[in-house]
Amino acid sequence: MESRFAEPSVLILVSLASGPKHGYALIKDIEEVAGATLGPGTLYGALSRLEQRGLIEALPAEERRRPYRITAAGAEAVQAYLEHVRQVAAVGLRRLGAAHA
Amino acid sequence: MLDQLIRLYPGRWRERYGEELAQLVHDLRPSRPAPRLAADLVRGALHAHLEEGLTMENRRLARQTALIVGIVWLGLSLEILRSNVVFPSTQDDDAVSVLVAYLCVFVALALVGAVAARSGADRRAQAIAGLAAGVAIGALTIATFAVVDNVWLGIVSQQQAKIDGLAHSGGGSMRAYVNQGLVLAMFGLSAMLGLFGVALSLAGGIAGQAWRTRANA
């Protein structure tokens, strides 16, 4: 499975892993969790790409706010990506620790 | 004003996401400076247009068009080499081969449209493909002439048309005269074939659409 993600896409999938959210809720959750500020154009660009890839799906809109939820494929993809990142982070930190020891 | 920037997004994209995006902009307005929101929206619109252009269908159309352009350019280049270097003629007697070359190019431009239509491309995509093909064939052909005329200047400069042209140009070197003509031809031929490309591609598209309809019947 393809596991290449731009940063906004990872943040969106991580945020949706805790439940469906619409755009404003996604931006607020991402700010809180990752300290990253996404603009509306950036957010919806990533939502559009994730939806095309089948990693998220749209739910019925509530007035003009439409929630999105992560799909099974999306959960699998982001989990694989995060495990890979964790592995690389562990090696990197170990090496840096050894270098400064 | 920020809502107006959402109009920069492609039509289909706006139909799907426009309302939600407008609501989000409205929700963020109290907490974000308008210039930052505006810059983000403009950037997003550019990306949306780029991504719409890079659809699978457009990539396939680009590959098909490039293949037709490549084959035509190869054929024209071989003929340019044959008639200017391998079997050069000092007389201005290449009218038939020039006519045949143009006919081949026109058929190729119509084929671009036919192939595009058969693949389901709309009129706009057919026209763009024809324009791109015409401009590319024009530019590549002149590039071939530029190489041939400069590398084999000793042979090319024996052509009567070149000798007469240099005489009428009022002096200077044969190389300078030839290259000056090539620069003008690059723009002229590319523009002319670009326009022909649009028209012929659309005509070929009509034929291609009929072909597709018959195939699906």
# chains A, B, ... in the order shown; residues from 1 in each chain; ligands from 1

$ interface_residues --of "chain B" --to "chain A" --cutoff "12 Å" --atoms "only C-alpha atoms" --output "mmCIF file with C-alpha atoms, in the first residue's frame"
data_model
loop_
_atom_site.group_PDB
_atom_site.id
_atom_site.type_symbol
_atom_site.label_atom_id
_atom_site.label_comp_id
_atom_site.auth_asym_id
_atom_site.auth_seq_id
_atom_site.Cartn_x
_atom_site.Cartn_y
_atom_site.Cartn_z
ATOM 1 C CA LEU B 2 -12.324 36.245 0.793
ATOM 2 C CA ASP B 3 -15.408 34.504 -0.572
ATOM 3 C CA LEU B 5 -11.210 34.181 -3.898
ATOM 4 C CA ILE B 6 -13.034 30.841 -3.797
ATOM 5 C CA LEU B 8 -10.468 31.075 -8.374
ATOM 6 C CA TYR B 9 -10.919 27.341 -7.796
ATOM 7 C CA ARG B 12 -15.964 21.141 -10.524
ATOM 8 C CA TRP B 13 -13.902 21.594 -7.372
ATOM 9 C CA ARG B 14 -16.092 24.496 -6.281
ATOM 10 C CA ARG B 16 -17.981 19.794 -4.484
ATOM 11 C CA TYR B 17 -16.159 21.809 -1.796
ATOM 12 C CA GLY B 18 -17.027 25.472 -2.335
ATOM 13 C CA GLU B 19 -19.780 25.776 0.275
ATOM 14 C CA GLU B 20 -17.791 24.009 2.987
ATOM 15 C CA LEU B 21 -14.703 26.076 2.233
ATOM 16 C CA ALA B 22 -16.713 29.308 2.400
ATOM 17 C CA GLN B 23 -18.145 28.270 5.779
ATOM 18 C CA LEU B 24 -14.682 27.427 7.105
ATOM 19 C CA VAL B 25 -13.312 30.780 5.961
ATOM 20 C CA HIS B 26 -16.227 32.463 7.738
ATOM 21 C CA ASP B 27 -15.514 30.450 10.925
ATOM 22 C CA LEU B 28 -11.784 31.308 10.846
ATOM 23 C CA ARG B 29 -12.160 34.990 9.987
ATOM 24 C CA SER B 31 -9.077 34.497 14.572
ATOM 25 C CA ARG B 32 -6.929 34.760 11.432
ATOM 26 C CA PRO B 33 -5.626 37.829 9.572
ATOM 27 C CA ALA B 34 -7.398 38.263 6.231
ATOM 28 C CA PRO B 35 -4.154 38.532 4.184
ATOM 29 C CA ARG B 36 -2.989 35.129 5.471
ATOM 30 C CA LEU B 37 -6.330 33.544 4.678
ATOM 31 C CA ALA B 38 -6.293 35.149 1.232
ATOM 32 C CA ALA B 39 -2.757 33.920 0.445
ATOM 33 C CA ASP B 40 -3.699 30.393 1.553
ATOM 34 C CA LEU B 41 -6.833 30.413 -0.618
ATOM 35 C CA VAL B 42 -4.904 31.601 -3.691
ATOM 36 C CA ARG B 43 -2.261 28.921 -3.135
ATOM 37 C CA GLY B 44 -4.961 26.290 -2.729
ATOM 38 C CA ALA B 45 -6.673 27.411 -5.944
ATOM 39 C CA LEU B 46 -3.389 27.113 -7.886
ATOM 40 C CA HIS B 47 -2.831 23.591 -6.576
ATOM 41 C CA ALA B 48 -6.415 22.624 -7.383
ATOM 42 C CA HIS B 49 -5.969 23.796 -10.990
ATOM 43 C CA LEU B 50 -2.651 21.943 -11.292
ATOM 44 C CA GLU B 51 -4.138 18.764 -9.898
ATOM 45 C CA GLU B 52 -7.136 19.016 -12.209
ATOM 46 C CA THR B 55 -5.730 13.875 -14.195
#

$ select_by_dssp --residues "segment 100-176 of chain B" --states "helix (DSSP H, G or I)" --output "PyMOL selection string"
chain B and resi 100-118+123-151+153-156+160-168+174-176

$ write_last_selection --atoms "C-alpha atoms" --output "PDB file, in the first residue's frame"
ATOM      1  CA  VAL B 100       3.893  16.291 -48.720  1.00  0.00           C
ATOM      2  CA  ALA B 101       5.492  17.298 -45.399  1.00  0.00           C
ATOM      3  CA  TYR B 102       2.749  19.811 -44.673  1.00  0.00           C
ATOM      4  CA  LEU B 103       0.056  17.272 -45.567  1.00  0.00           C
ATOM      5  CA  CYS B 104       1.623  14.766 -43.166  1.00  0.00           C
ATOM      6  CA  VAL B 105       1.684  17.368 -40.409  1.00  0.00           C
ATOM      7  CA  PHE B 106      -1.967  18.280 -41.022  1.00  0.00           C
ATOM      8  CA  VAL B 107      -3.010  14.641 -40.939  1.00  0.00           C
ATOM      9  CA  ALA B 108      -1.069  14.195 -37.699  1.00  0.00           C
ATOM     10  CA  LEU B 109      -2.790  17.204 -36.115  1.00  0.00           C
ATOM     11  CA  ALA B 110      -6.198  15.823 -37.086  1.00  0.00           C
ATOM     12  CA  LEU B 111      -5.131  12.448 -35.677  1.00  0.00           C
ATOM     13  CA  VAL B 112      -4.312  14.108 -32.341  1.00  0.00           C
ATOM     14  CA  GLY B 113      -7.912  15.274 -32.128  1.00  0.00           C
ATOM     15  CA  ALA B 114      -9.343  11.956 -33.304  1.00  0.00           C
ATOM     16  CA  VAL B 115      -7.348   9.976 -30.747  1.00  0.00           C
ATOM     17  CA  ALA B 116      -8.270  12.443 -28.019  1.00  0.00           C
ATOM     18  CA  ALA B 117     -11.990  12.230 -28.847  1.00  0.00           C
ATOM     19  CA  ARG B 118     -11.879   8.450 -28.989  1.00  0.00           C
ATOM     20  CA  ARG B 123     -13.530  19.802 -27.089  1.00  0.00           C
ATOM     21  CA  ARG B 124     -11.362  21.996 -24.862  1.00  0.00           C
ATOM     22  CA  ALA B 125      -8.840  19.209 -24.284  1.00  0.00           C
ATOM     23  CA  GLN B 126      -8.809  18.376 -28.013  1.00  0.00           C
ATOM     24  CA  ALA B 127      -8.116  22.012 -28.893  1.00  0.00           C
ATOM     25  CA  ILE B 128      -5.331  22.298 -26.318  1.00  0.00           C
ATOM     26  CA  ALA B 129      -3.781  19.045 -27.529  1.00  0.00           C
ATOM     27  CA  GLY B 130      -3.906  20.279 -31.133  1.00  0.00           C
ATOM     28  CA  LEU B 131      -2.401  23.636 -30.193  1.00  0.00           C
ATOM     29  CA  ALA B 132       0.406  21.992 -28.216  1.00  0.00           C
ATOM     30  CA  ALA B 133       1.101  19.487 -30.998  1.00  0.00           C
ATOM     31  CA  GLY B 134       1.218  22.191 -33.679  1.00  0.00           C
ATOM     32  CA  VAL B 135       3.519  24.460 -31.686  1.00  0.00           C
ATOM     33  CA  ALA B 136       5.771  21.527 -30.753  1.00  0.00           C
ATOM     34  CA  ILE B 137       6.063  20.247 -34.339  1.00  0.00           C
ATOM     35  CA  GLY B 138       6.857  23.760 -35.565  1.00  0.00           C
ATOM     36  CA  ALA B 139       9.477  24.420 -32.919  1.00  0.00           C
ATOM     37  CA  LEU B 140      11.126  20.997 -33.188  1.00  0.00           C
ATOM     38  CA  THR B 141      11.268  21.165 -36.993  1.00  0.00           C
ATOM     39  CA  ILE B 142      13.002  24.546 -36.924  1.00  0.00           C
ATOM     40  CA  ALA B 143      15.348  23.207 -34.257  1.00  0.00           C
ATOM     41  CA  THR B 144      16.273  20.393 -36.682  1.00  0.00           C
ATOM     42  CA  PHE B 145      16.892  22.946 -39.434  1.00  0.00           C
ATOM     43  CA  ALA B 146      19.043  24.940 -37.013  1.00  0.00           C
ATOM     44  CA  VAL B 147      21.250  21.935 -36.334  1.00  0.00           C
ATOM     45  CA  VAL B 148      21.445  20.862 -39.981  1.00  0.00           C
ATOM     46  CA  ASP B 149      22.048  24.356 -41.361  1.00  0.00           C
ATOM     47  CA  ASN B 150      24.801  25.147 -38.860  1.00  0.00           C
ATOM     48  CA  VAL B 151      26.571  21.769 -38.817  1.00  0.00           C
ATOM     49  CA  LEU B 153      26.604  25.021 -43.524  1.00  0.00           C
ATOM     50  CA  GLY B 154      29.057  24.314 -46.353  1.00  0.00           C
ATOM     51  CA  ILE B 155      26.488  22.076 -48.107  1.00  0.00           C
ATOM     52  CA  VAL B 156      23.389  24.102 -47.240  1.00  0.00           C
ATOM     53  CA  GLN B 160      20.210  28.749 -54.744  1.00  0.00           C
ATOM     54  CA  ALA B 161      17.465  30.115 -52.458  1.00  0.00           C
ATOM     55  CA  LYS B 162      20.062  30.718 -49.726  1.00  0.00           C
ATOM     56  CA  ILE B 163      22.486  32.405 -52.132  1.00  0.00           C
ATOM     57  CA  ASP B 164      19.738  34.676 -53.514  1.00  0.00           C
ATOM     58  CA  GLY B 165      18.450  35.438 -50.032  1.00  0.00           C
ATOM     59  CA  LEU B 166      21.881  36.410 -48.747  1.00  0.00           C
ATOM     60  CA  ALA B 167      22.417  38.649 -51.758  1.00  0.00           C
ATOM     61  CA  HIS B 168      19.103  40.440 -51.141  1.00  0.00           C
ATOM     62  CA  MET B 174      25.714  33.097 -44.669  1.00  0.00           C
ATOM     63  CA  ARG B 175      25.590  31.709 -41.107  1.00  0.00           C
ATOM     64  CA  ALA B 176      24.133  34.944 -39.716  1.00  0.00           C
TER      65      ALA B 176
END

$ atom_distance --atom1 "atom CA of Leu200 of chain B" --atom2 "atom CA of Ile80 of chain B"
24.0 Å

$ residues_around --residues "Ala58 of chain A" --least-positions-apart "2" --cutoff "8 Å" --atoms "only C-alpha atoms" --output "compact mmCIF listing (two decimals) with N, CA and C atoms, in the first residue's frame"
# COMPACT_ATOMS: atom_id res chain seq x y z
N GLU A 51 -9.75 12.16 -0.08
CA GLU A 51 -11.03 11.59 -0.50
C GLU A 51 -10.87 10.86 -1.83
N ILE A 56 -10.41 8.81 3.24
CA ILE A 56 -11.45 9.43 4.08
C ILE A 56 -12.74 9.44 3.27
N PRO A 60 -22.90 13.20 5.64
CA PRO A 60 -23.90 14.21 5.27
C PRO A 60 -23.60 15.55 5.93
N ARG A 66 -19.56 20.03 6.59
CA ARG A 66 -19.63 18.61 6.27
C ARG A 66 -18.53 17.87 7.03
N PRO A 67 -18.91 16.90 7.88
CA PRO A 67 -17.87 16.13 8.58
C PRO A 67 -17.26 15.08 7.64
N TYR A 68 -16.04 14.71 7.97
CA TYR A 68 -15.35 13.63 7.26
C TYR A 68 -14.96 12.59 8.28
N ARG A 69 -14.87 11.33 7.81
CA ARG A 69 -14.37 10.30 8.71
C ARG A 69 -13.33 9.47 7.96
